[in-house]
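Next up, input-v6.tsv (TSV, C-alpha atoms and all ligand atoms):
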chain	number	residue	atom	x	y	z
P	1	MET	CA	-17.33	5.76	-16.58
P	2	ARG	CA	-19.54	5.14	-19.63
P	3	LEU	CA	-19.25	8.79	-20.67
P	4	PHE	CA	-15.49	8.67	-20.21
P	5	ARG	CA	-15.22	5.54	-22.35
P	6	ARG	CA	-17.43	6.98	-25.05
P	7	ALA	CA	-15.40	10.21	-25.15
P	8	PHE	CA	-11.86	8.83	-25.06
P	9	PHE	CA	-11.96	5.13	-25.97
P	10	PRO	CA	-15.00	4.89	-28.26
P	11	GLU	CA	-13.43	2.03	-30.20
P	12	ALA	CA	-13.05	-0.22	-27.10
P	13	SER	CA	-15.56	-3.04	-26.87
P	14	ASP	CA	-16.81	-4.18	-23.46
P	15	ARG	CA	-14.63	-7.21	-23.81
P	16	GLU	CA	-11.53	-5.08	-24.42
P	17	TRP	CA	-12.28	-2.61	-21.64
P	18	ASN	CA	-12.68	-5.50	-19.19
P	19	ASP	CA	-9.47	-7.17	-20.34
P	20	TRP	CA	-6.57	-6.27	-18.05
P	21	ARG	CA	-4.03	-6.66	-20.82
P	22	TRP	CA	-5.96	-4.14	-22.96
P	23	GLN	CA	-6.01	-1.76	-19.98
P	24	VAL	CA	-2.23	-2.10	-19.55
P	25	ARG	CA	-1.55	-1.65	-23.29
P	26	HIS	CA	-3.68	1.49	-23.34
P	27	ARG	CA	-2.36	3.08	-20.15
P	28	ILE	CA	-1.81	6.79	-20.48
P	29	GLN	CA	1.81	7.83	-20.35
P	30	ASP	CA	2.41	10.83	-22.63
P	31	LEU	CA	1.70	14.53	-22.29
P	32	GLU	CA	-0.38	14.64	-25.44
P	33	THR	CA	-2.88	12.02	-24.22
P	34	PHE	CA	-3.04	13.47	-20.71
P	35	GLU	CA	-3.73	16.85	-22.30
P	36	ARG	CA	-6.52	15.36	-24.42
P	37	ILE	CA	-8.23	13.83	-21.37
P	38	LEU	CA	-7.53	16.32	-18.58
P	39	HIS	CA	-7.51	20.07	-18.32
P	40	LEU	CA	-3.90	20.21	-17.04
P	41	SER	CA	-2.63	22.89	-14.69
P	42	HIS	CA	0.56	24.75	-15.62
P	43	ASP	CA	2.45	22.82	-12.95
P	44	GLU	CA	1.17	19.41	-14.09
P	45	ARG	CA	2.10	20.22	-17.69
P	46	LEU	CA	5.63	21.25	-16.66
P	47	ALA	CA	6.08	18.05	-14.66
P	48	LEU	CA	4.79	15.90	-17.53
P	49	GLU	CA	7.07	17.70	-20.00
P	50	ARG	CA	10.02	16.79	-17.80
P	51	GLY	CA	8.74	13.20	-17.88
P	52	GLY	CA	8.19	12.51	-14.19
P	53	SER	CA	11.01	12.40	-11.65
P	54	MET	CA	12.63	9.11	-10.61
P	55	LEU	CA	9.32	7.39	-11.31
P	56	PRO	CA	7.72	6.97	-14.75
P	57	VAL	CA	4.18	8.20	-15.34
P	58	GLY	CA	1.36	5.82	-16.22
P	59	VAL	CA	-2.36	5.56	-15.47
P	60	THR	CA	-4.78	2.83	-16.64
P	61	PRO	CA	-7.81	4.04	-18.62
P	62	TYR	CA	-9.98	2.59	-15.81
P	63	TYR	CA	-8.29	4.66	-13.06
P	64	MET	CA	-8.14	7.67	-15.38
P	65	SER	CA	-11.93	7.54	-15.60
P	66	LEU	CA	-12.07	8.23	-11.84
P	67	LEU	CA	-10.04	11.44	-12.09
P	68	SER	CA	-11.56	14.90	-12.15
P	69	TYR	CA	-11.29	16.56	-15.56
P	70	ASP	CA	-10.59	20.05	-14.30
P	71	ASP	CA	-9.57	19.89	-10.62
P	72	PRO	CA	-5.81	19.31	-10.14
P	73	GLY	CA	-6.48	19.24	-6.38
P	74	GLN	CA	-8.79	16.22	-6.56
P	75	ALA	CA	-7.48	13.50	-4.24
P	76	LEU	CA	-7.14	10.68	-6.78
P	77	ARG	CA	-5.70	12.97	-9.44
P	78	ARG	CA	-2.93	14.16	-7.09
P	79	THR	CA	-1.83	10.58	-6.41
P	80	VAL	CA	-1.05	9.75	-10.06
P	81	ILE	CA	-0.47	12.99	-12.00
P	82	PRO	CA	3.03	14.39	-11.31
P	83	SER	CA	3.75	17.88	-10.03
P	84	THR	CA	7.04	19.77	-10.12
P	85	ALA	CA	7.36	19.38	-6.33
P	86	GLU	CA	8.46	15.79	-6.89
P	87	PHE	CA	11.69	17.01	-8.52
P	88	VAL	CA	12.85	18.58	-5.22
P	89	CYS	CA	14.69	16.26	-2.85
P	90	GLY	CA	14.12	17.83	0.58
P	91	PRO	CA	16.01	17.58	3.88
P	92	GLY	CA	15.91	14.06	5.33
P	93	GLU	CA	14.74	12.57	2.03
P	94	SER	CA	16.67	9.97	0.06
P	95	ALA	CA	16.24	7.49	-2.77
P	96	ASP	CA	16.21	4.55	-0.35
P	97	PRO	CA	15.02	5.85	3.03
P	98	LEU	CA	14.35	2.34	4.40
P	99	ALA	CA	17.85	1.11	3.47
P	100	GLU	CA	16.37	-1.79	1.53
P	101	GLU	CA	19.45	-2.07	-0.71
P	102	GLU	CA	21.69	-2.68	2.31
P	103	MET	CA	19.40	-5.48	3.44
P	104	SER	CA	19.18	-7.13	0.07
P	105	PRO	CA	21.25	-10.36	-0.03
P	106	VAL	CA	20.25	-11.03	-3.68
P	107	PRO	CA	18.66	-8.65	-6.22
P	108	GLY	CA	14.96	-8.17	-5.53
P	109	LEU	CA	14.90	-9.70	-2.06
P	110	VAL	CA	14.91	-7.70	1.19
P	111	HIS	CA	15.62	-9.55	4.43
P	112	ARG	CA	15.03	-7.07	7.24
P	113	TYR	CA	13.07	-8.98	9.87
P	114	PRO	CA	14.15	-12.32	11.35
P	115	ASP	CA	11.40	-14.59	10.05
P	116	ARG	CA	10.21	-12.99	6.84
P	117	VAL	CA	11.37	-11.53	3.54
P	118	LEU	CA	10.10	-9.11	0.93
P	119	PHE	CA	10.29	-10.67	-2.53
P	120	LEU	CA	10.18	-8.05	-5.31
P	121	VAL	CA	9.10	-10.07	-8.31
P	122	SER	CA	8.66	-7.23	-10.80
P	123	ASP	CA	9.35	-3.51	-11.05
P	124	PHE	CA	6.42	-2.79	-13.35
P	125	CYS	CA	3.11	-1.16	-12.34
P	126	SER	CA	0.12	-0.36	-14.51
P	127	THR	CA	-0.34	2.92	-12.63
P	128	TYR	CA	2.42	4.76	-10.80
P	129	CYS	CA	1.71	6.39	-7.43
P	130	ARG	CA	3.65	9.64	-7.16
P	131	TYR	CA	4.71	8.91	-3.54
P	132	CYS	CA	5.98	5.36	-4.20
P	133	THR	CA	8.50	4.25	-1.57
P	134	ARG	CA	10.29	2.14	-4.12
P	135	SER	CA	10.57	4.74	-6.87
P	136	ARG	CA	14.34	4.07	-6.97
P	137	VAL	CA	13.56	0.75	-8.71
P	138	VAL	CA	9.92	0.77	-9.74
P	139	GLY	CA	9.45	1.28	-13.48
P	140	HIS	CA	13.21	1.33	-14.17
P	141	GLY	CA	13.25	-1.98	-16.02
P	142	THR	CA	15.93	-3.53	-13.80
P	143	LEU	CA	13.90	-6.13	-11.87
P	144	HIS	CA	12.67	-8.46	-14.58
P	145	PRO	CA	10.66	-11.50	-13.52
P	146	THR	CA	13.13	-13.82	-15.25
P	147	VAL	CA	13.42	-17.39	-14.01
P	148	SER	CA	17.15	-16.96	-13.29
P	149	ARG	CA	16.65	-13.89	-11.07
P	150	LEU	CA	13.63	-15.37	-9.30
P	151	GLU	CA	15.56	-18.63	-8.80
P	152	ARG	CA	18.34	-16.78	-6.96
P	153	ALA	CA	15.78	-15.32	-4.56
P	154	LEU	CA	14.05	-18.69	-4.11
P	155	SER	CA	17.33	-20.38	-3.42
P	156	TYR	CA	18.14	-17.78	-0.72
P	157	ILE	CA	14.77	-18.53	0.91
P	158	ARG	CA	15.44	-22.28	0.67
P	159	SER	CA	18.79	-21.93	2.39
P	160	ASN	CA	17.49	-19.76	5.26
P	161	PRO	CA	14.97	-21.94	7.10
P	162	GLU	CA	14.20	-19.19	9.63
P	163	ILE	CA	12.09	-17.59	6.86
P	164	ARG	CA	8.48	-18.61	7.43
P	165	ASP	CA	6.63	-15.71	5.79
P	166	VAL	CA	7.22	-14.32	2.28
P	167	LEU	CA	5.66	-11.07	1.09
P	168	ILE	CA	5.54	-10.98	-2.70
P	169	SER	CA	5.57	-7.40	-3.87
P	170	GLY	CA	7.18	-5.12	-6.46
P	171	GLY	CA	6.30	-3.11	-8.46
P	172	GLU	CA	3.01	-4.88	-9.00
P	173	PRO	CA	3.24	-8.67	-8.63
P	174	LEU	CA	-0.11	-9.13	-10.36
P	175	MET	CA	1.43	-7.72	-13.55
P	176	LEU	CA	2.98	-11.15	-13.96
P	177	GLY	CA	0.97	-13.61	-16.00
P	178	ASP	CA	-0.92	-16.36	-14.17
P	179	ASP	CA	1.61	-19.03	-15.18
P	180	ARG	CA	4.65	-17.19	-13.85
P	181	LEU	CA	2.85	-16.33	-10.60
P	182	ASP	CA	1.69	-19.93	-10.26
P	183	TRP	CA	5.27	-21.10	-10.68
P	184	ILE	CA	6.55	-18.70	-7.99
P	185	LEU	CA	3.82	-19.72	-5.55
P	186	THR	CA	4.39	-23.42	-6.25
P	187	GLU	CA	8.13	-23.06	-5.65
P	188	LEU	CA	7.52	-21.17	-2.40
P	189	ARG	CA	5.02	-23.79	-1.24
P	190	ARG	CA	7.65	-26.48	-1.80
P	191	ILE	CA	9.92	-24.84	0.80
P	192	PRO	CA	9.11	-26.58	4.10
P	193	SER	CA	9.91	-23.54	6.29
P	194	VAL	CA	7.57	-21.18	4.40
P	195	GLU	CA	4.28	-21.24	6.27
P	196	VAL	CA	2.60	-18.15	4.89
P	197	VAL	CA	2.73	-16.26	1.61
P	198	ARG	CA	1.37	-12.75	1.23
P	199	ILE	CA	0.86	-10.68	-1.91
P	200	GLY	CA	1.07	-6.87	-1.75
P	201	THR	CA	-0.90	-5.33	-4.61
P	202	LYS	CA	-2.72	-2.27	-5.89
P	203	ALA	CA	-4.26	-4.10	-8.86
P	204	PRO	CA	-7.79	-4.44	-7.41
P	205	VAL	CA	-7.80	-0.61	-7.11
P	206	VAL	CA	-6.18	0.62	-10.31
P	207	LEU	CA	-6.84	-2.41	-12.51
P	208	PRO	CA	-9.70	-4.48	-11.05
P	209	GLN	CA	-9.97	-6.26	-14.43
P	210	ARG	CA	-6.83	-8.18	-13.37
P	211	ILE	CA	-8.84	-10.17	-10.84
P	212	THR	CA	-10.16	-12.80	-13.22
P	213	PRO	CA	-11.82	-16.14	-12.37
P	214	GLN	CA	-8.70	-17.90	-13.74
P	215	LEU	CA	-6.37	-15.88	-11.49
P	216	VAL	CA	-8.53	-16.52	-8.43
P	217	ARG	CA	-8.75	-20.27	-9.22
P	218	MET	CA	-4.97	-20.42	-9.40
P	219	LEU	CA	-4.41	-18.37	-6.21
P	220	ARG	CA	-6.74	-20.50	-4.11
P	221	ARG	CA	-4.53	-23.53	-4.77
P	222	HIS	CA	-1.77	-21.90	-2.72
P	223	HIS	CA	-3.34	-21.33	0.67
P	224	PRO	CA	-2.55	-20.08	3.25
P	225	LEU	CA	-2.31	-17.01	1.06
P	226	TRP	CA	-2.99	-13.48	2.30
P	227	MET	CA	-3.33	-10.25	0.36
P	228	SER	CA	-2.53	-6.64	1.30
P	229	ILE	CA	-4.28	-4.17	-0.98
P	230	HIS	CA	-3.04	-0.62	-1.34
P	231	PHE	CA	-6.01	1.77	-0.94
P	232	THR	CA	-5.71	5.53	-0.63
P	233	HIS	CA	-9.15	7.10	-0.69
P	234	PRO	CA	-12.84	6.12	-0.40
P	235	ASP	CA	-13.42	7.20	-4.03
P	236	GLU	CA	-11.39	4.15	-5.05
P	237	CYS	CA	-14.09	1.84	-3.64
P	238	THR	CA	-16.01	1.51	-6.91
P	239	PRO	CA	-18.36	-1.33	-7.92
P	240	GLU	CA	-15.51	-2.79	-10.04
P	241	THR	CA	-13.05	-2.80	-7.12
P	242	SER	CA	-15.73	-4.11	-4.82
P	243	ARG	CA	-16.38	-7.01	-7.22
P	244	ALA	CA	-12.65	-7.79	-7.45
P	245	CYS	CA	-12.36	-7.88	-3.64
P	246	ALA	CA	-15.45	-10.09	-3.39
P	247	MET	CA	-13.91	-12.62	-5.80
P	248	LEU	CA	-10.70	-12.73	-3.75
P	249	ALA	CA	-12.56	-12.94	-0.43
P	250	ASP	CA	-14.83	-15.70	-1.79
P	251	ALA	CA	-11.65	-17.64	-2.64
P	252	GLY	CA	-10.81	-17.59	1.07
P	253	ILE	CA	-7.99	-15.05	0.78
P	254	PRO	CA	-7.90	-12.81	3.88
P	255	LEU	CA	-7.72	-9.21	2.62
P	256	GLY	CA	-6.06	-6.33	4.45
P	257	SER	CA	-5.52	-2.76	3.34
P	258	GLN	CA	-2.41	-0.61	3.44
P	259	THR	CA	-2.86	3.12	3.13
P	260	VAL	CA	-0.27	5.88	2.95
P	261	LEU	CA	-1.25	9.04	4.81
P	262	LEU	CA	-1.10	11.87	2.26
P	263	ARG	CA	-1.51	15.59	2.78
P	264	ASP	CA	-4.75	17.06	1.38
P	265	ILE	CA	-5.69	13.62	0.05
P	266	ASN	CA	-6.73	11.49	3.02
P	267	ASP	CA	-5.34	13.34	6.05
P	268	ASP	CA	-8.57	14.00	7.89
P	269	VAL	CA	-10.72	11.85	10.14
P	270	GLU	CA	-13.86	12.04	7.98
P	271	THR	CA	-12.12	10.85	4.79
P	272	MET	CA	-10.37	8.06	6.64
P	273	LYS	CA	-13.58	7.03	8.40
P	274	ARG	CA	-15.35	6.79	5.04
P	275	LEU	CA	-12.47	4.75	3.66
P	276	VAL	CA	-12.27	2.24	6.51
P	277	ARG	CA	-16.04	1.76	6.59
P	278	ARG	CA	-16.18	1.10	2.87
P	279	LEU	CA	-13.25	-1.30	3.16
P	280	MET	CA	-15.04	-3.23	5.90
P	281	ALA	CA	-18.13	-3.47	3.68
P	282	MET	CA	-15.87	-4.94	0.96
P	283	ARG	CA	-14.42	-7.50	3.43
P	284	VAL	CA	-11.04	-5.74	3.48
P	285	ARG	CA	-9.68	-5.28	7.00
P	286	PRO	CA	-7.95	-1.87	7.41
P	287	TYR	CA	-4.50	-3.04	8.43
P	288	TYR	CA	-1.81	-0.36	8.23
P	289	LEU	CA	-1.89	3.41	7.88
P	290	TYR	CA	1.62	4.51	6.95
P	291	GLN	CA	3.36	7.79	7.55
P	292	CYS	CA	4.63	8.77	4.06
P	293	ASP	CA	8.24	7.57	3.79
P	294	GLN	CA	10.98	10.14	3.25
P	295	ILE	CA	11.48	9.32	-0.37
P	296	CYS	CA	13.01	12.05	-2.57
P	297	GLY	CA	10.39	14.51	-3.82
P	298	SER	CA	7.61	13.50	-1.41
P	299	ALA	CA	7.61	16.47	1.02
P	300	HIS	CA	4.43	17.88	-0.51
P	301	PHE	CA	2.64	14.64	0.39
P	302	ARG	CA	3.91	14.35	3.95
P	303	THR	CA	1.91	15.34	7.03
P	304	PRO	CA	3.25	15.75	10.57
P	305	VAL	CA	3.26	12.41	12.43
P	306	GLU	CA	0.77	13.94	14.87
P	307	THR	CA	-1.83	14.04	12.07
P	308	GLY	CA	-1.76	10.23	11.88
P	309	VAL	CA	-2.08	9.95	15.65
P	310	GLU	CA	-5.09	12.29	15.60
P	311	ILE	CA	-6.73	10.26	12.84
P	312	ILE	CA	-6.39	7.07	14.88
P	313	ARG	CA	-7.79	8.94	17.91
P	314	GLY	CA	-10.73	10.01	15.72
P	315	LEU	CA	-11.41	6.43	14.62
P	316	ARG	CA	-10.90	4.43	17.83
P	317	GLY	CA	-14.26	4.17	19.58
P	318	PHE	CA	-16.05	6.04	16.81
P	319	THR	CA	-16.12	3.10	14.44
P	320	SER	CA	-15.69	-0.68	14.80
P	321	GLY	CA	-12.37	-1.76	16.31
P	322	TYR	CA	-11.81	-4.00	13.29
P	323	ALA	CA	-11.84	-0.88	11.11
P	324	VAL	CA	-9.05	0.91	12.98
P	325	PRO	CA	-5.68	0.40	11.29
P	326	THR	CA	-2.33	0.53	13.06
P	327	PHE	CA	-0.49	3.79	12.34
P	328	ILE	CA	3.10	3.02	11.34
P	329	VAL	CA	6.23	5.06	10.93
P	330	ASP	CA	8.76	2.98	9.01
P	331	ALA	CA	11.95	3.96	10.82
P	332	PRO	CA	14.49	5.50	8.41
P	333	GLY	CA	17.67	3.54	7.84
P	334	GLY	CA	15.95	0.16	8.12
P	335	GLY	CA	14.71	0.37	11.71
P	336	GLY	CA	11.48	-1.33	10.72
P	337	LYS	CA	7.79	-0.64	11.13
P	338	THR	CA	7.18	1.23	14.35
P	339	PRO	CA	3.60	1.67	15.61
P	340	VAL	CA	2.76	5.14	16.86
P	341	MET	CA	-0.44	5.38	18.89
P	342	PRO	CA	-2.50	7.85	20.87
P	343	GLU	CA	-1.86	7.52	24.61
P	344	TYR	CA	-4.80	6.07	26.52
P	345	VAL	CA	-2.96	5.38	29.79
P	346	VAL	CA	-2.77	8.66	31.72
P	347	GLY	CA	-0.74	7.22	34.60
P	348	ARG	CA	-0.89	5.31	37.85
P	349	GLU	CA	-2.22	6.44	41.21
P	350	GLY	CA	-1.51	3.89	43.92
P	351	ASP	CA	-3.22	0.67	42.90
P	352	ASP	CA	-5.21	2.39	40.18
P	353	LEU	CA	-4.37	2.76	36.54
P	354	VAL	CA	-5.86	5.99	35.18
P	355	LEU	CA	-7.23	5.57	31.67
P	356	ARG	CA	-8.61	8.07	29.19
P	357	ASN	CA	-11.43	6.68	27.03
P	358	TYR	CA	-12.18	7.57	23.42
P	359	GLN	CA	-14.37	10.51	24.52
P	360	GLY	CA	-11.61	11.99	26.66
P	361	ASP	CA	-13.18	10.97	30.00
P	362	LEU	CA	-10.98	9.59	32.79
P	363	TYR	CA	-11.57	6.19	34.38
P	364	ARG	CA	-9.79	4.26	37.10
P	365	TYR	CA	-9.02	0.60	36.73
P	366	ARG	CA	-7.96	-1.18	39.91
P	367	ASP	CA	-4.71	-2.84	38.96
P	368	PRO	CA	-2.48	-3.55	41.99
P	369	ARG	CA	1.13	-4.25	41.17
P	370	PRO	CA	2.28	-7.84	41.92
P	371	ALA	CA	3.61	-8.16	45.52
P	372	GLY	CA	7.28	-8.48	44.50
P	373	GLU	CA	7.12	-5.39	42.36
P	374	ARG	CA	5.38	-3.44	45.19
P	375	ALA	CA	8.24	-4.22	47.55
P	376	ALA	CA	10.78	-3.11	44.94
P	377	VAL	CA	8.96	0.21	44.42
P	378	LYS	CA	8.85	0.75	48.23
P	379	GLY	CA	12.57	-0.01	48.46
P	380	ARG	CA	13.35	2.61	45.81
P	381	ARG	CA	11.48	5.33	47.75
O	401	LIG	S1	1.45	0.39	-7.02
O	401	LIG	FE1	2.90	0.19	-5.31
O	401	LIG	S2	4.87	-0.23	-6.28
O	401	LIG	FE2	3.49	0.57	-7.90
O	401	LIG	S3	3.89	2.77	-7.93
O	401	LIG	FE3	2.17	2.44	-6.54
O	401	LIG	S4	3.12	2.28	-4.50
O	401	LIG	FE4	4.75	1.98	-6.03
Show this structure as structure tokens.
Amino acid sequence: MRLFRRAFFPEASDREWNDWRWQVRHRIQDLETFERILHLSHDERLALERGGSMLPVGVTPYYMSLLSYDDPGQALRRTVIPSTAEFVCGPGESADPLAEEEMSPVPGLVHRYPDRVLFLVSDFCSTYCRYCTRSRVVGHGTLHPTVSRLERALSYIRSNPEIRDVLISGGEPLMLGDDRLDWILTELRRIPSVEVVRIGTKAPVVLPQRITPQLVRMLRRHHPLWMSIHFTHPDECTPETSRACAMLADAGIPLGSQTVLLRDINDDVETMKRLVRRLMAMRVRPYYLYQCDQICGSAHFRTPVETGVEIIRGLRGFTSGYAVPTFIVDAPGGGGKTPVMPEYVVGREGDDLVLRNYQGDLYRYRDPRPAGERAAVKGRR
């Protein structure tokens, strides 16, 4: 990182480099600067010339320092540098595969599940992930964190007392200043039905400088507050990110990770095992592993669903249970998060349940059916 800074941002003082606002102001967005820092492939250059697809391009200097200079296939580089494949909308893909717009009673609020809502407070991110599920809105400048828009969402939550859990997301919610975030959290806390607030963020990964003592002091006033952090690859678990997670964990914020399964980036057991172990060491509980949503231009990132199942099979039993995330396919059309798991129950033989353990060995567990059910089964024969 020091070499990178010296080469490309020699004028930046330590204070500036560690200031999240400086990082955001100096994010890399144009072909000329990318070309100066990276040895671009022909395909990357073409994609950058076209200016990204639905989603803008932007990478913080910090995250840029983690990218390979000359390997367009490097995992982290593929997640943030566009390729021409993202201009192709393949079969089954759409701009809004989860039908969030249909389930949005007011702009920036998605009410899909009975007791919780997704509150999109901003559409801005410091670094744009090329597979973003919300690329139809993210970076388009339509979801401003204005008081009037946020008030409409808050008033919907106030008038629907079945809502007990609010997930604040975006875009990147931590791109809001501390005062605006504090105001949102205070207003949510004033709603008697809201028991839990969660923040979905990638800031500790792409902009760990955002996790300041002031931010953490403000957040801890709003417990119970949970945080889901978007991690993709073990190479993101740097000392800076680790420090940011430690500050949040020390403030009593339970941390979980959300990871999108991406072809040739994290779609093998060894990479995922390294990631979940490093997350556990950083006090981040691996929570969800997502099948890549069918967003336009994401086919080159998508793996078969079976790959996710095999990864879970390769983790369960081979590392701590706490480190095994739930593999999720978000059902297209708004069906919701659907867990997909390896099958460990082989079947039933008489009073025995036949189980397959993590090593593939078969075991019998005596599990007689309740008497009433036994009679019903007999009657059916
Ligand atoms: S940080 Fe989240 S919202 Fe922003 S581009 Fe990445 S996936 Fe999309």
Within 10 Å of ligand LIG 401 (chain O), which residues show up when you count only C-alpha atoms and all ligand atoms? List them as a PyMOL selection string, please.
chain P and resi 55-58+79-80+120+122-139+169-173+200-203+205-206+229-231+259-260
Using all atoms listed in the file, the residue out of P:Val346, P:Met341, P:Val216, P:Ala244 with shortest distance to Thr307 (chain P) is P:Met341
What does the structure give for the distance between CA of Leu315 (chain P) and CA of Met227 (chain P), in Å to one decimal?
23.4 Å
With distances taken over all atoms listed in the file, which residue among P:Arg210, P:Lys337, P:His233, P:Arg27 lies nearest Ile265 (chain P)?
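Going through P:Arg210, P:Lys337, P:His233, P:Arg27 one by one, the smallest distance to Ile265 (chain P) is for P:His233.
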I'd like the interatomic distance between CA of Val284 (chain P) and CA of Leu255 (chain P), to a tenth of an Å.
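About the pair CA of Val284 (chain P) and CA of Leu255 (chain P): they are 4.9 Å apart.
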Residues near Thr338 (chain P), anyone? I mean within 10 Å using only C-alpha atoms, not counting same-chain ones fewer than 4 positions away, as a PyMOL selection string.
chain P and resi 290+326-331
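Ranking P:Met64, P:Ala12, P:Ile211, P:Ala299 by their shortest atom-to-atom distance to Thr33 (chain P), with all atoms listed in the file included, puts P:Met64 first.
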Residue among P:Leu66, P:Leu143, P:Val24, P:Ile163 lying closest to His111 (chain P), counting all atoms listed in the file:
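Residue with the minimum atom-to-atom distance to His111 (chain P): P:Ile163.
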Val196 (chain P) proximity check over P:Phe87, P:Trp226, P:Tyr358, P:Phe9, using all atoms listed in the file: winner is P:Trp226
Across P:Ile81, P:Ala251, P:Ala281, P:Ala153, the smallest distance to Ser41 (chain P), with all atoms listed in the file counted, is shown by P:Ile81
